[in-house]
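Report on the structure given below.
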Amino acid sequence: MRIQTKICGVSTSEAVTASIGHGAAWLGFMMFAKSPRYVTADQAASLSAPMPGHVGKVAVLVDPDDELVGRAIGAGMKILQLHGHESPERVVALRRSTGAEIWKVISVRTAADLAGAAAYRGAADRILYDAKTPDGAALPGGMGLRFDWNLLAGFDHPLPWALSGGLDATSVAEAVAISGASAVDVSSGVESAPGVKDVDKIAAFLQATGRL
Ligand SMILES: O=C(O)c1ccccc1N[C@@H]1O[C@H](COP(=O)(O)O)[C@@H](O)[C@H]1O
């Protein structure tokens, strides 16, 4: 079974086209203004408009207010990736009010962090495990940081899940083998500089997941 892959933080039509052409299952549009990958709702709408229906449109949001969620939905996003401190109650409310699929990010540094996932059973549609960024970091993700993939091996996952955090074309096979992931997400590992997607790296990453 092909590993499903999300290419996150796309902000050019070249990156969108390369990701789709090489088999991405989802594309992520960064709607967090502090991110170097930030796109406005209008940009997300125009970049995602030509996407075929089988490729999921994901808005990446960090503790969004209702107005921003409304702009993401208005831009055609079908999945909301919540990368902040959104509570299970907030996730339930957003799922109900938008009808969107919800991915809740669990930031992981130690085994104890995984326990937080269970609270989202029945609330979110998917858990995305990402590396916890350092205290005081400018971003809660997208910094190319890894966590110990062994923590996920044998874990009793409460929901379908995906792995992210510091993946790239050379590490993803080992990450999948150790963690057991069937879906992965990458952002900085397919860039030449923060926020600058590299179409050759996108191709290499998707070829690597395509071989698994
Ligand atoms: O990419 C960002 O700038 C970002 C900002 C705020 C929240 C999440 C962000 N990115 C997400 O982080 C993970 C891992 O990224 P990386 O591969 O380690 O660079 C991924 O899910 C991105 O969507």
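Residue names in the structure tokens use chain letters A, B, ... in the order shown, residue numbers from 1 in each chain, and ligand numbers from 1 in the order shown.
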Within 7 Å of ligand 1 (only C-alpha atoms and all ligand atoms), residues as an mmCIF file with C-alpha atoms, in the first residue's frame:
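Result file is pocket.cif:
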```
data_model
loop_
_atom_site.group_PDB
_atom_site.id
_atom_site.type_symbol
_atom_site.label_atom_id
_atom_site.label_comp_id
_atom_site.auth_asym_id
_atom_site.auth_seq_id
_atom_site.Cartn_x
_atom_site.Cartn_y
_atom_site.Cartn_z
ATOM 1 C CA CYS A 8 2.828 21.112 3.411
ATOM 2 C CA GLY A 9 3.376 24.827 3.038
ATOM 3 C CA GLY A 28 -1.147 21.960 2.961
ATOM 4 C CA MET A 30 -0.223 27.611 5.691
ATOM 5 C CA PHE A 32 -0.623 31.116 10.099
ATOM 6 C CA SER A 35 5.042 31.268 9.081
ATOM 7 C CA PRO A 36 7.509 31.786 6.217
ATOM 8 C CA ARG A 37 5.060 29.639 4.198
ATOM 9 C CA VAL A 60 -2.903 24.643 8.492
ATOM 10 C CA LEU A 61 -4.108 26.791 11.373
ATOM 11 C CA VAL A 62 -2.825 27.643 14.845
ATOM 12 C CA HIS A 83 -1.558 22.977 15.103
ATOM 13 C CA ASP A 130 4.774 16.341 15.065
ATOM 14 C CA LEU A 139 6.645 28.430 15.306
ATOM 15 C CA PRO A 140 4.866 25.348 16.698
ATOM 16 C CA GLY A 141 5.949 23.335 13.637
ATOM 17 C CA GLY A 142 7.699 23.554 10.310
ATOM 18 C CA MET A 143 11.163 23.746 11.861
ATOM 19 C CA GLY A 144 12.514 20.461 10.543
ATOM 20 C CA LEU A 145 12.699 18.918 14.015
ATOM 21 C CA ARG A 146 12.280 15.196 14.660
ATOM 22 C CA SER A 164 5.525 14.621 10.611
ATOM 23 C CA GLY A 165 8.536 16.449 11.913
ATOM 24 C CA GLY A 166 11.910 16.671 10.236
ATOM 25 C CA LEU A 167 11.240 14.152 7.501
ATOM 26 C CA ASP A 185 3.706 14.978 6.171
ATOM 27 C CA VAL A 186 6.698 17.100 5.166
ATOM 28 C CA SER A 187 7.429 20.783 4.861
ATOM 29 C CA SER A 188 11.002 21.964 5.434
ATOM 30 C CA GLY A 189 12.455 18.684 4.172
#
```
### Message
Run DSSP on the backbone and tell me which residues of chain A come out as alpha helix (DSSP H); list them as JSON, numbers by chain.
### Response
{"A": [13, 14, 15, 16, 17, 18, 19, 20, 21, 41, 42, 43, 44, 45, 46, 47, 48, 66, 67, 68, 69, 70, 71, 72, 73, 74, 88, 89, 90, 91, 92, 93, 94, 95, 96, 97, 98, 111, 112, 113, 114, 172, 173, 174, 175, 176, 177, 178, 179, 199, 200, 201, 202, 203, 204, 205, 206, 207, 208, 209, 210]}
### Query
Leaving out Gly56 of chain A and any residue of its chain fewer than 3 positions from it, which residues lie within 9 Å of it when counting only C-alpha atoms, given as a PyMOL selection string?
chain A and resi 6+24-28+51-53+77-79
Based on the selection just made, write N, CA and C atoms of those residues as a CSV table (one decimal), in the first residue's frame.
```csv
chain,number,residue,atom,x,y,z
A,6,LYS,N,1.5,14.0,2.5
A,6,LYS,CA,1.1,15.5,2.5
A,6,LYS,C,2.3,16.3,2.3
A,24,ALA,N,1.2,13.3,-4.5
A,24,ALA,CA,0.8,13.7,-3.2
A,24,ALA,C,-0.7,13.4,-2.9
A,25,ALA,N,-1.0,13.0,-1.7
A,25,ALA,CA,-2.4,12.7,-1.4
A,25,ALA,C,-3.1,14.0,-0.8
A,26,TRP,N,-2.3,14.9,-0.2
A,26,TRP,CA,-2.8,16.1,0.3
A,26,TRP,C,-1.8,17.2,0.1
A,27,LEU,N,-2.3,18.5,0.0
A,27,LEU,CA,-1.4,19.6,0.0
A,27,LEU,C,-1.8,20.5,1.1
A,28,GLY,N,-0.8,21.1,1.8
A,28,GLY,CA,-1.1,22.0,3.0
A,28,GLY,C,-0.9,23.4,2.6
A,51,MET,N,-6.6,21.9,-8.4
A,51,MET,CA,-6.2,20.6,-7.8
A,51,MET,C,-7.3,19.6,-8.1
A,52,PRO,N,-6.9,18.4,-8.5
A,52,PRO,CA,-7.9,17.3,-8.8
A,52,PRO,C,-8.6,16.9,-7.5
A,53,GLY,N,-9.8,16.4,-7.6
A,53,GLY,CA,-10.6,16.1,-6.4
A,53,GLY,C,-10.0,15.0,-5.5
A,77,MET,N,-10.9,25.0,1.4
A,77,MET,CA,-10.2,24.0,2.2
A,77,MET,C,-11.2,22.9,2.7
A,78,LYS,N,-10.8,21.7,2.6
A,78,LYS,CA,-11.7,20.6,3.1
A,78,LYS,C,-11.3,19.9,4.4
A,79,ILE,N,-10.0,20.2,4.7
A,79,ILE,CA,-9.4,19.6,6.0
A,79,ILE,C,-8.8,20.8,6.7
```
### Query
Using only C-alpha atoms, which residue out of A:Gln4, A:Gln81, A:Ser46, A:Ser192 lies closest to Ile102 of chain A?
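Residue with the minimum atom-to-atom distance to Ile102 of chain A: A:Gln81.
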### Task
Extract, using only C-alpha atoms, all DNA, RNA and protein residues at most 12 Å from Leu163 of chain A, discarding same-chain residues fewer than 3 positions from it, and format them as a PyMOL selection string.
chain A and resi 3-6+103-108+126-131+146-153+160+166-168+172-173+175-187
Could you write those residues out with N, CA and C atoms, as a compact mmCIF listing (two decimals), in the first residue's frame?
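Writing done, so here's part31.txt:
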```
# COMPACT_ATOMS: atom_id res chain seq x y z
N ILE A 3 2.34 4.72 0.75
CA ILE A 3 2.28 5.63 1.89
C ILE A 3 1.64 6.94 1.42
N GLN A 4 0.60 7.37 2.10
CA GLN A 4 -0.04 8.63 1.72
C GLN A 4 0.83 9.79 2.22
N THR A 5 0.98 10.78 1.36
CA THR A 5 1.92 11.85 1.66
C THR A 5 1.28 13.22 1.52
N LYS A 6 1.52 14.04 2.53
CA LYS A 6 1.10 15.45 2.46
C LYS A 6 2.33 16.33 2.29
N TRP A 103 -7.86 17.46 11.46
CA TRP A 103 -6.64 16.79 11.92
C TRP A 103 -6.13 17.57 13.13
N LYS A 104 -5.98 16.89 14.25
CA LYS A 104 -5.43 17.56 15.43
C LYS A 104 -3.97 17.17 15.59
N VAL A 105 -3.14 18.17 15.73
CA VAL A 105 -1.72 17.91 15.92
C VAL A 105 -1.42 17.64 17.39
N ILE A 106 -0.67 16.60 17.63
CA ILE A 106 -0.13 16.32 18.96
C ILE A 106 1.38 16.52 18.86
N SER A 107 1.88 17.46 19.64
CA SER A 107 3.31 17.77 19.63
C SER A 107 4.02 16.84 20.60
N VAL A 108 5.07 16.19 20.09
CA VAL A 108 5.68 15.09 20.85
C VAL A 108 7.16 15.36 21.14
N ARG A 126 -8.33 12.67 12.51
CA ARG A 126 -6.97 12.14 12.39
C ARG A 126 -6.07 12.86 13.38
N ILE A 127 -5.10 12.14 13.89
CA ILE A 127 -4.04 12.75 14.70
C ILE A 127 -2.80 12.89 13.82
N LEU A 128 -2.17 14.06 13.89
CA LEU A 128 -0.88 14.27 13.23
C LEU A 128 0.16 14.47 14.33
N TYR A 129 1.08 13.52 14.44
CA TYR A 129 2.14 13.63 15.43
C TYR A 129 3.28 14.44 14.83
N ASP A 130 3.68 15.49 15.53
CA ASP A 130 4.77 16.34 15.06
C ASP A 130 5.73 16.55 16.23
N ALA A 131 6.96 16.93 15.92
CA ALA A 131 7.94 17.20 16.98
C ALA A 131 7.56 18.48 17.71
N ARG A 146 12.80 16.56 14.53
CA ARG A 146 12.28 15.20 14.66
C ARG A 146 12.02 14.88 16.13
N PHE A 147 11.19 13.87 16.34
CA PHE A 147 11.12 13.26 17.66
C PHE A 147 11.47 11.79 17.50
N ASP A 148 11.52 11.09 18.62
CA ASP A 148 11.94 9.68 18.59
C ASP A 148 10.81 8.83 18.02
N TRP A 149 10.99 8.35 16.80
CA TRP A 149 9.93 7.58 16.12
C TRP A 149 9.60 6.29 16.86
N ASN A 150 10.54 5.80 17.65
CA ASN A 150 10.27 4.57 18.42
C ASN A 150 9.10 4.75 19.38
N LEU A 151 8.81 6.00 19.76
CA LEU A 151 7.70 6.24 20.69
C LEU A 151 6.37 5.77 20.09
N LEU A 152 6.27 5.81 18.77
CA LEU A 152 5.00 5.46 18.11
C LEU A 152 4.87 3.96 17.86
N ALA A 153 5.97 3.25 17.91
CA ALA A 153 5.93 1.81 17.62
C ALA A 153 5.12 1.10 18.70
N PRO A 160 -7.05 7.29 13.20
CA PRO A 160 -6.09 7.28 12.09
C PRO A 160 -5.05 8.38 12.33
N GLY A 166 10.53 16.90 10.64
CA GLY A 166 11.91 16.67 10.24
C GLY A 166 12.12 15.57 9.22
N LEU A 167 11.08 15.20 8.51
CA LEU A 167 11.24 14.15 7.50
C LEU A 167 11.87 14.73 6.24
N ASP A 168 12.58 13.88 5.52
CA ASP A 168 13.06 14.24 4.19
C ASP A 168 13.22 12.95 3.38
N VAL A 172 12.72 9.25 5.35
CA VAL A 172 11.31 8.86 5.49
C VAL A 172 11.14 7.33 5.54
N ALA A 173 11.97 6.58 4.82
CA ALA A 173 11.82 5.12 4.86
C ALA A 173 12.07 4.58 6.27
N ALA A 175 11.82 6.30 9.05
CA ALA A 175 10.76 6.81 9.92
C ALA A 175 9.51 5.94 9.83
N VAL A 176 9.17 5.54 8.62
CA VAL A 176 7.99 4.70 8.41
C VAL A 176 8.23 3.30 8.99
N ALA A 177 9.42 2.78 8.75
CA ALA A 177 9.72 1.43 9.24
C ALA A 177 9.65 1.38 10.77
N ILE A 178 10.17 2.39 11.42
CA ILE A 178 10.20 2.39 12.89
C ILE A 178 8.82 2.70 13.47
N SER A 179 8.17 3.72 12.94
CA SER A 179 6.92 4.19 13.56
C SER A 179 5.70 3.37 13.15
N GLY A 180 5.76 2.78 11.94
CA GLY A 180 4.59 2.09 11.40
C GLY A 180 3.61 3.02 10.72
N ALA A 181 4.03 4.22 10.41
CA ALA A 181 3.12 5.20 9.78
C ALA A 181 2.67 4.73 8.40
N SER A 182 1.42 5.02 8.07
CA SER A 182 0.94 4.79 6.70
C SER A 182 0.65 6.12 6.00
N ALA A 183 0.87 7.22 6.73
CA ALA A 183 0.71 8.56 6.14
C ALA A 183 1.78 9.46 6.75
N VAL A 184 2.38 10.31 5.91
CA VAL A 184 3.45 11.20 6.37
C VAL A 184 3.21 12.61 5.82
N ASP A 185 3.88 13.56 6.48
CA ASP A 185 3.71 14.98 6.17
C ASP A 185 5.08 15.64 6.21
N VAL A 186 5.38 16.45 5.22
CA VAL A 186 6.70 17.10 5.17
C VAL A 186 6.54 18.55 4.73
N SER A 187 7.39 19.39 5.31
CA SER A 187 7.43 20.78 4.86
C SER A 187 8.88 21.19 4.62
```
